[in-house]
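Quick notes on the structure that follows.
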Amino acid sequence: MAFTLRTVLAASLAAAALTAPGTAPAASAAADKPLKYVALGDSFAASPQIPPPDVSNLLCLRSLANYPHITARMLGAELNDASCSAASLDDLRTSQHPGTGAQYDALSPDTDIVSITIGGVDVGMVELALDCMNPDPEPAGESCAARNTEGGRDRKKAAIDAWTPRFATALEEIHRRSPHARLYVVGYGNVIRPGGCFPAQPVWDKDATYLQGTFSHLDHRLRQTARKHGAAFVDTYTPGLGHDACAPPAERHTEGWVRTSTALPLHPNARGAKAIATALASAVRRTSPPR
């Protein structure tokens with residue numbers, strides 16, 4: 001979510017600081033041809049630091065075990081994974097790194113399925129996560145929730161609302177480039193439970209609630225926009241309940257500021273990528289034909 005992924009999420013958050021659908025697939029959906037699937041998006045789709053890495057594009061910090069790759073295997077689809085860590089909406093249209101094309105370039109008129117997770121970079125979710133990190137108990141320091149809602153206006157939610165029309169334009173551009181594709185907007189889901197789990201994760205209770213509330217507001221806007229622009233929204237919050245950054249390591253789908261796997265902090269780990277893929281593959285299988 002800004003290359004260096006805010007310097008790989010501020011050195012992995014300070015090195016853990018403490019240690020509906022478009023048109024139904026046509027000819028290519030025939031039994032003898034796999035679905036053509038294009039994955040777009042940021043680090044939530046790319047899954048940086050989950051092995052094995054995609055050596056075809058090391059600058060994007062993309063994993064071959066991210067949710068697009070797992071979904072493609074589940075569906076028997078032919079995947080073109082254009083997701084890239086730190087991607088913003090601008091990177092859909094222009095080259096993010098030297099020698100790489102714009103993400104839109106992966107789309108074609110015969111694309112059958114498109115998935116996208118994007119918005120976190122545009123609205124500053126990395127910065128918010130860093131802002132909310134506080135290893136000291138209250139009242140030491142200052143609440144990120146208080147800073148962002150000072151004066152009665154929630155600046156982060158306002159930024160999300162202001163960004164939403166740009167996302168709508170992006171969905172229309174995807175439809176224009178791949179008019180027969182079914183489009184799936186994949187949400188950010190359940191990152192940290194309301195109330196948090198301080199001090200196991202270094203964020204105060206009120207700030208954990210605020211941070212997850214901001215992610216949920218972003219998902220709400222993604223869902224609304226998807227429905228208005230011929231896409232299906234894939235809910236990743238519900239399957240993530242009980243598997244957020246506060247969950248025991250063996251049950252966790254999202255790594256916290258203090259992580260227990262190689263996955264980037266506040267991003268899906270290998271289990272999380274598989275859970276998202278399962279939700280997406282299920283959505284593809286049950287989606288009724290087109291608008």
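Numbering starts fresh at 1 for the residues of each chain in the structure tokens, the chains themselves are lettered A, B, ... in the order given, and ligands are numbered from 1 as they appear.
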
Contacts of Phe44 of chain A at 7 Å (only C-alpha atoms; same-chain gap of 3+ positions) as a list in words: Ser47, Thr117, His267 and Pro268 of chain A

Please list as a ChimeraX atom specification every residue within 12 Å of Gly272 of chain A, counting only C-alpha atoms and excluding residues in the same chain fewer than 4 positions away. /A:44-45,47,50,65-67,70,188-191,236-237,239-245,249-255,261,263-264,266-268,276-279

Write down as a PyMOL selection string the residues of segment 58-227 of chain A whose backbone DSSP state falls under alpha helix (DSSP H). chain A and resi 67-75+90-93+125-132+144-148+155-177+205-227

At what distance in Å, to one decimal, does atom CA of Cys60 of chain A lie from atom CA of Ser115 of chain A?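 Those two atoms sit 17.2 Å apart.
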
Tell me, in Å to one decimal, how far atom CA of Pro109 of chain A is from atom CA of Thr94 of chain A. 19.4 Å

Tell me, as a ChimeraX atom specification, which residues lie within 8 Å of Ser63 of chain A, counting only C-alpha atoms; anything in the same chain fewer than 4 positions away does not count. /A:46-54
